[in-house]
Amino acid sequence: MLFLHKPATYLGITNSFCSHSATRFTCTSFEKACAIRYQISGLRGTEGAIFLFQNRCSWILASCKKVLILTIFRSCVHTESCFVPTSEIIAVEETDLNKKQRNSGKWQKMAKLHAFTVYYVKKAQNHRWRCSDVTFWCVDEQLCNQWIQALKELLELQTRPKQLLVYINPYGGKRQGKRIYEQKVAPLFSLASISTDVFVTERANHAKDNLFEVNINKYDGVVCVGGDGMFSEVMHGLIGRMQKDSGIDQNNPKAPLVQCNIRIGIIPAGSTDCVCYSTVGISDPVTSALHIILGDSQPLDVSSVHHNNTFLKYTVSLLGYGFYGDVLKDSEKKRWMGPMRYDYSGFKTFLSHHCYEGTISFQPAKHTLGSPRDKDSCRTGCHICRQSEQQLAEQRKKCGLKHEEDEEEWKVIKGKFLAINAVNMSCACPRSPKGLSPAAHLADGSADLILVRKCSRFDFLRYLVRHTNQDDQFDFSFVDVYRVKSFQFTSKLLEDNESDVTDIGKKHFGQFCRDHPACCCNIANSTWNCDGETLDSSAIEVRVHCQLMKLFARGIEENHKEAVSNQSRVEQLL
Ligand SMILES: Nc1ncnc2c1ncn2[C@@H]1O[C@H](COP(=O)(O)OP(=O)(O)OP(=O)(O)O)[C@@H](O)[C@H]1O
Ligand SMILES: CCCCCCCCCCCCC/C=C/[C@@H](O)[C@H](CO)NC(C)=O
Ligand SMILES: [Ca+2]
């Protein structure tokens, strides 16, 4: 006999079935429950049960009548889910009966009981995940142990991290990194039997430097607790370590980089948390911890940024010149304000309305199927990213790590720009839920290059407002967008200096455009905002490396997909 302890799990079940006796369920025999295909005949009038079938664990009220079962399954699909893929079970534990019995007096009167608790991922609104649990009671100790054993064996079959290296930035965002990790994440890791080595950073680049020294092969993944800057640090440490160990010179902009197979998990505790939000769909520490525990894997494009054959940085989210560069530069002086610094500096920069002159050259990304104006966004299991992955594998088979000469055409655009934004992913974040390029892909080997030409303050405001709503951000005459695999930028100032090095006067001309002092064209350079860090050079060369690294994430899930697949599975079964 197995008893389900939580009748509330069955919200969707018809009233006639969900009587007060609903707390008591008879279980099928272990063998029948484990049968690969669910046999209705095996139930013989059973009221309720836990089943394992087709790699799914479900706890349901059941009846011999087919039609009723169908109703029950349907109601489960539309309300609280009783279906849990074993890949979404977090842990199975023998239940501490003393604790449970104290809470529930009615069990005390019963004969010797045995119980186990299944902890599983419960999916809530807006991609938020929570750890839920259900306890199964049983008078037969052997049956109870068989269930625990069977479920644990299933969990062993999942490829999940067992040993993680954790870096916490105690100063990111609202300075809550340490508290968030200790209170929300560490208990979940311990429930899932994950061991951790935790490292609280004491200075910027501490995590990055440490990653060059540790015995990295000991770990199944690296977790960073902080914002985009902290993630960037850890990513630089891992990718840099990988290239160093493989003898790849990062200063060579054309060097084919070695893929980094050690996954990074992001526990969001920063100011923007754009990488986390764009890859999970929400900036929530518990949700991210659960993605890490389940061992999710999401490949990510990474761009390398060089200047004159010198490596500057890698970027995965925004590489922005003009508006976002100026916002970052100003906001760095106001770190004490926490996340609010971006709003303050954003407003200031908007009022200054500076535009910058320069030349952009780029190679269009012809290999990918999508376009930046697509209506569909990159979602879990995205077919466009999968197609790029196949291409990448074929290319590797053909060339190995040989240097590949790329003769594809370059397009050149000269002009005055308020903003140049290159994004490898949508760059969605709580401030901009669709991101700066809603149709950009996480792993297609391309970046979206957005050029915002000089326009009025009012028009620029209209453009910025569209970062925050559903309207098309590219539907403006002064905005152009291209999907690219590489690009270069040189500012007018640098071009002039290079062509006329003797004209020293130019360098000291002052802030604004010589021809039109009132036109807001800034003679000085802007700064590149590279995932929230400033770059030293304004002239850069950028190249996208398809799926260079992996995160503990699965991309943003299509909301109705899961329900539809549950439904079709039910139909398959009956
Ligand atoms: N102990 C430390 N002291 C000072 N700075 C640190 C420390 N540890 C890490 N850093 C640096 O702090 C910078 C910012 O951190 P983080 O990204 O976590 O927060 P944020 O800037 O508030 O968030 P976001 O990047 O999402 O806007 C990173 O560039 C990182 O290198
Ligand atoms: C008046 C309306 C103003 C709207 C402004 C919208 C602001 C949206 C911010 C989107 C930034 C997304 C890009 C992410 C960049 C990160 O890499 C970086 C570091 O965390 N963050 C910033 C703010 O530069
Ligand atoms: Ca991309």
# chains A, B, ... in the order shown; residues from 1 in each chain; ligands from 1
$ residues_near_ligand --ligand "ligand 2" --cutoff "6 Å" --atoms "only C-alpha atoms and all ligand atoms" --output "number ranges by chain"
A: 228, 272-274, 317-318, 324, 328, 342, 427, 431-432, 464-465, 467-468, 531-532
$ residues_around --residues "Leu165 of chain A" --least-positions-apart "5" --cutoff "10 Å" --atoms "only C-alpha atoms" --output "PyMOL selection string"
chain A and resi 195-199+211+214+216+218-224+264-265
$ atom_distance --atom1 "atom CA of Cys131 of chain A" --atom2 "atom CA of Gly172 of chain A"
25.8 Å
$ select_by_dssp --residues "segment 134-251 of chain A" --states "strand (DSSP E)" --output "list of chain:residue names"
A:Val134, A:Thr135, A:Phe136, A:Trp137, A:Cys138, A:Gln163, A:Leu164, A:Leu165, A:Val166, A:Tyr167, A:Ile168, A:Ser195, A:Thr196, A:Asp197, A:Val198, A:Phe199, A:Val200, A:Gly221, A:Val222, A:Val223, A:Cys224, A:Val225, A:Gly226
$ residues_around --residues "His367 of chain A" --least-positions-apart "6" --cutoff "9 Å" --atoms "only C-alpha atoms" --output "PDB file with N, CA, C and O atoms, in the first residue's frame"
ATOM      1  N   SER A 388      22.979  25.468 -37.227  1.00  0.00           N
ATOM      2  CA  SER A 388      24.329  26.051 -37.154  1.00  0.00           C
ATOM      3  C   SER A 388      25.288  25.064 -36.500  1.00  0.00           C
ATOM      4  O   SER A 388      26.450  24.968 -36.876  1.00  0.00           O
ATOM      5  N   GLN A 391      26.322  22.512 -39.026  1.00  0.00           N
ATOM      6  CA  GLN A 391      27.300  23.112 -39.953  1.00  0.00           C
ATOM      7  C   GLN A 391      28.680  23.171 -39.317  1.00  0.00           C
ATOM      8  O   GLN A 391      29.682  22.889 -39.944  1.00  0.00           O
ATOM      9  N   ASP A 444      23.693  30.559 -32.963  1.00  0.00           N
ATOM     10  CA  ASP A 444      23.649  30.377 -34.421  1.00  0.00           C
ATOM     11  C   ASP A 444      24.921  30.858 -35.109  1.00  0.00           C
ATOM     12  O   ASP A 444      24.992  30.884 -36.338  1.00  0.00           O
ATOM     13  N   GLY A 445      25.904  31.291 -34.334  1.00  0.00           N
ATOM     14  CA  GLY A 445      27.168  31.738 -34.944  1.00  0.00           C
ATOM     15  C   GLY A 445      27.068  33.111 -35.575  1.00  0.00           C
ATOM     16  O   GLY A 445      27.872  33.444 -36.450  1.00  0.00           O
ATOM     17  N   SER A 446      26.092  33.912 -35.126  1.00  0.00           N
ATOM     18  CA  SER A 446      25.993  35.265 -35.688  1.00  0.00           C
ATOM     19  C   SER A 446      25.657  36.273 -34.600  1.00  0.00           C
ATOM     20  O   SER A 446      25.207  35.905 -33.510  1.00  0.00           O
TER      21      SER A 446
END
$ residues_near_ligand --ligand "ligand 3" --cutoff "9 Å" --atoms "only C-alpha atoms and all ligand atoms" --output "ChimeraX atom specification"
/A:300-302,316,385,423-426,440-448,483,485,544,546-547
$ residues_near_ligand --ligand "ligand 1" --cutoff "6 Å" --atoms "only C-alpha atoms and all ligand atoms" --output "list of chain:residue names"
A:Asn169, A:Pro170, A:Tyr171, A:Gly172, A:Gly173, A:Thr201, A:Glu202, A:Arg203, A:Ala204, A:Asn205, A:Gly226, A:Gly227, A:Asp228, A:Gly229, A:Met230, A:Glu233, A:Gly270, A:Ser271, A:Thr272, A:Asp273, A:Gly532
$ write_last_selection --atoms "C-alpha atoms" --output "compact mmCIF listing (two decimals), in the first residue's frame"
# COMPACT_ATOMS: atom_id res chain seq x y z
CA ASN A 169 30.98 38.40 -6.08
CA PRO A 170 29.90 39.97 -2.76
CA TYR A 171 29.76 43.45 -4.33
CA GLY A 172 27.65 42.88 -7.47
CA GLY A 173 24.16 44.42 -7.84
CA THR A 201 36.08 37.03 -4.40
CA GLU A 202 38.11 39.79 -2.76
CA ARG A 203 38.83 41.91 -5.82
CA ALA A 204 37.94 42.28 -9.48
CA ASN A 205 39.54 39.53 -11.63
CA GLY A 226 26.81 37.96 -9.54
CA GLY A 227 25.90 39.96 -12.62
CA ASP A 228 27.00 40.09 -16.24
CA GLY A 229 30.43 41.46 -15.26
CA MET A 230 31.05 38.54 -12.92
CA GLU A 233 35.12 37.29 -15.65
CA GLY A 270 23.88 41.70 -10.42
CA SER A 271 22.35 44.88 -11.79
CA THR A 272 21.25 43.83 -15.31
CA ASP A 273 21.66 40.02 -15.33
CA GLY A 532 29.25 45.88 -18.94
$ closest_residue --among "A:Asn210, A:Ser288, A:Gln158, A:Trp147" --to "Val185 of chain A" --atoms "only C-alpha atoms"
A:Ser288
$ select_by_dssp --residues "segment 155-336 of chain A" --states "alpha helix (DSSP H)" --output "PyMOL selection string"
chain A and resi 155-157+177-180+186-191+206-211+228-245+274-280+285-294+323-332
$ closest_residue --among "A:His307, A:Arg466, A:His354, A:Lys434" --to "Ile282 of chain A" --atoms "only C-alpha atoms"
A:Lys434
$ residues_around --residues "segment 368-379 of chain A" --least-positions-apart "4" --cutoff "6 Å" --atoms "only C-alpha atoms" --output "JSON, numbers by chain"
{"A": [439, 441, 555, 556, 557]}
$ write_last_selection --atoms "N, CA and C atoms" --output "short mmCIF file (atom, residue, chain, number, x, y, z; two decimals), in the first residue's frame"
data_model
loop_
_atom_site.label_atom_id
_atom_site.label_comp_id
_atom_site.auth_asym_id
_atom_site.auth_seq_id
_atom_site.Cartn_x
_atom_site.Cartn_y
_atom_site.Cartn_z
N ALA A 439 14.90 38.84 -31.99
CA ALA A 439 15.02 37.60 -32.78
C ALA A 439 16.45 37.08 -32.86
N HIS A 441 19.77 34.96 -31.99
CA HIS A 441 19.86 33.56 -31.53
C HIS A 441 21.05 33.35 -30.60
N GLY A 555 17.80 27.57 -22.64
CA GLY A 555 17.14 28.56 -23.49
C GLY A 555 15.76 28.83 -22.92
N ILE A 556 15.04 29.74 -23.55
CA ILE A 556 13.72 30.10 -23.02
C ILE A 556 12.69 29.09 -23.53
N GLU A 557 11.92 28.52 -22.60
CA GLU A 557 10.95 27.49 -23.01
C GLU A 557 9.69 28.14 -23.56
#
$ atom_distance --atom1 "atom CA of Glu389 of chain A" --atom2 "atom CA of Ser304 of chain A"
18.8 Å
$ closest_residue --among "A:His306, A:Lys112, A:Arg335, A:Arg396" --to "Ile540 of chain A" --atoms "only C-alpha atoms"
A:His306
$ decode --residues "segment 118-135 of chain A" --atoms "N, CA, C and O atoms" --output "tab-separated table (two decimals), in the first residue's frame"
chain	number	residue	atom	x	y	z
A	118	VAL	N	9.65	12.68	-2.92
A	118	VAL	CA	10.21	13.01	-4.24
A	118	VAL	C	10.22	14.53	-4.36
A	118	VAL	O	9.18	15.17	-4.20
A	119	TYR	N	11.40	15.10	-4.59
A	119	TYR	CA	11.52	16.55	-4.81
A	119	TYR	C	11.61	16.76	-6.31
A	119	TYR	O	12.41	16.11	-6.99
A	120	TYR	N	10.79	17.64	-6.82
A	120	TYR	CA	10.76	17.81	-8.28
A	120	TYR	C	10.58	19.28	-8.65
A	120	TYR	O	10.21	20.10	-7.82
A	121	VAL	N	10.86	19.56	-9.93
A	121	VAL	CA	10.74	20.94	-10.42
A	121	VAL	C	9.29	21.24	-10.74
A	121	VAL	O	8.65	20.51	-11.50
A	122	LYS	N	8.80	22.29	-10.13
A	122	LYS	CA	7.44	22.72	-10.45
A	122	LYS	C	7.55	24.01	-11.26
A	122	LYS	O	8.19	24.97	-10.81
A	123	LYS	N	6.96	24.00	-12.44
A	123	LYS	CA	7.09	25.18	-13.31
A	123	LYS	C	5.95	26.15	-13.06
A	123	LYS	O	4.78	25.78	-13.17
A	124	ALA	N	6.31	27.36	-12.71
A	124	ALA	CA	5.29	28.38	-12.44
A	124	ALA	C	5.25	29.37	-13.60
A	124	ALA	O	5.80	29.11	-14.67
A	125	GLN	N	4.61	30.48	-13.39
A	125	GLN	CA	4.47	31.51	-14.43
A	125	GLN	C	5.80	32.14	-14.81
A	125	GLN	O	6.71	32.21	-13.99
A	126	ASN	N	5.92	32.61	-16.02
A	126	ASN	CA	7.06	33.40	-16.49
A	126	ASN	C	8.41	32.70	-16.33
A	126	ASN	O	9.38	33.34	-15.93
A	127	HIS	N	8.43	31.41	-16.60
A	127	HIS	CA	9.67	30.61	-16.61
A	127	HIS	C	10.27	30.44	-15.22
A	127	HIS	O	11.42	30.04	-15.09
A	128	ARG	N	9.50	30.76	-14.18
A	128	ARG	CA	10.00	30.60	-12.81
A	128	ARG	C	9.87	29.13	-12.41
A	128	ARG	O	8.83	28.51	-12.64
A	129	TRP	N	10.91	28.58	-11.84
A	129	TRP	CA	10.87	27.20	-11.35
A	129	TRP	C	10.98	27.19	-9.83
A	129	TRP	O	11.68	28.03	-9.26
A	130	ARG	N	10.29	26.23	-9.23
A	130	ARG	CA	10.39	26.05	-7.79
A	130	ARG	C	10.59	24.58	-7.47
A	130	ARG	O	10.27	23.71	-8.28
A	131	CYS	N	11.13	24.32	-6.28
A	131	CYS	CA	11.32	22.93	-5.84
A	131	CYS	C	10.07	22.54	-5.07
A	131	CYS	O	9.74	23.16	-4.06
A	132	SER	N	9.35	21.54	-5.56
A	132	SER	CA	8.15	21.08	-4.86
A	132	SER	C	8.41	19.65	-4.38
A	132	SER	O	9.38	19.03	-4.81
A	133	ASP	N	7.56	19.14	-3.51
A	133	ASP	CA	7.78	17.77	-3.07
A	133	ASP	C	6.48	17.04	-2.83
A	133	ASP	O	5.45	17.66	-2.60
A	134	VAL	N	6.55	15.75	-2.93
A	134	VAL	CA	5.38	14.93	-2.63
A	134	VAL	C	5.89	13.71	-1.86
A	134	VAL	O	6.94	13.15	-2.18
A	135	THR	N	5.16	13.33	-0.80
A	135	THR	CA	5.60	12.21	0.03
A	135	THR	C	4.65	11.02	-0.16
A	135	THR	O	3.44	11.19	-0.16
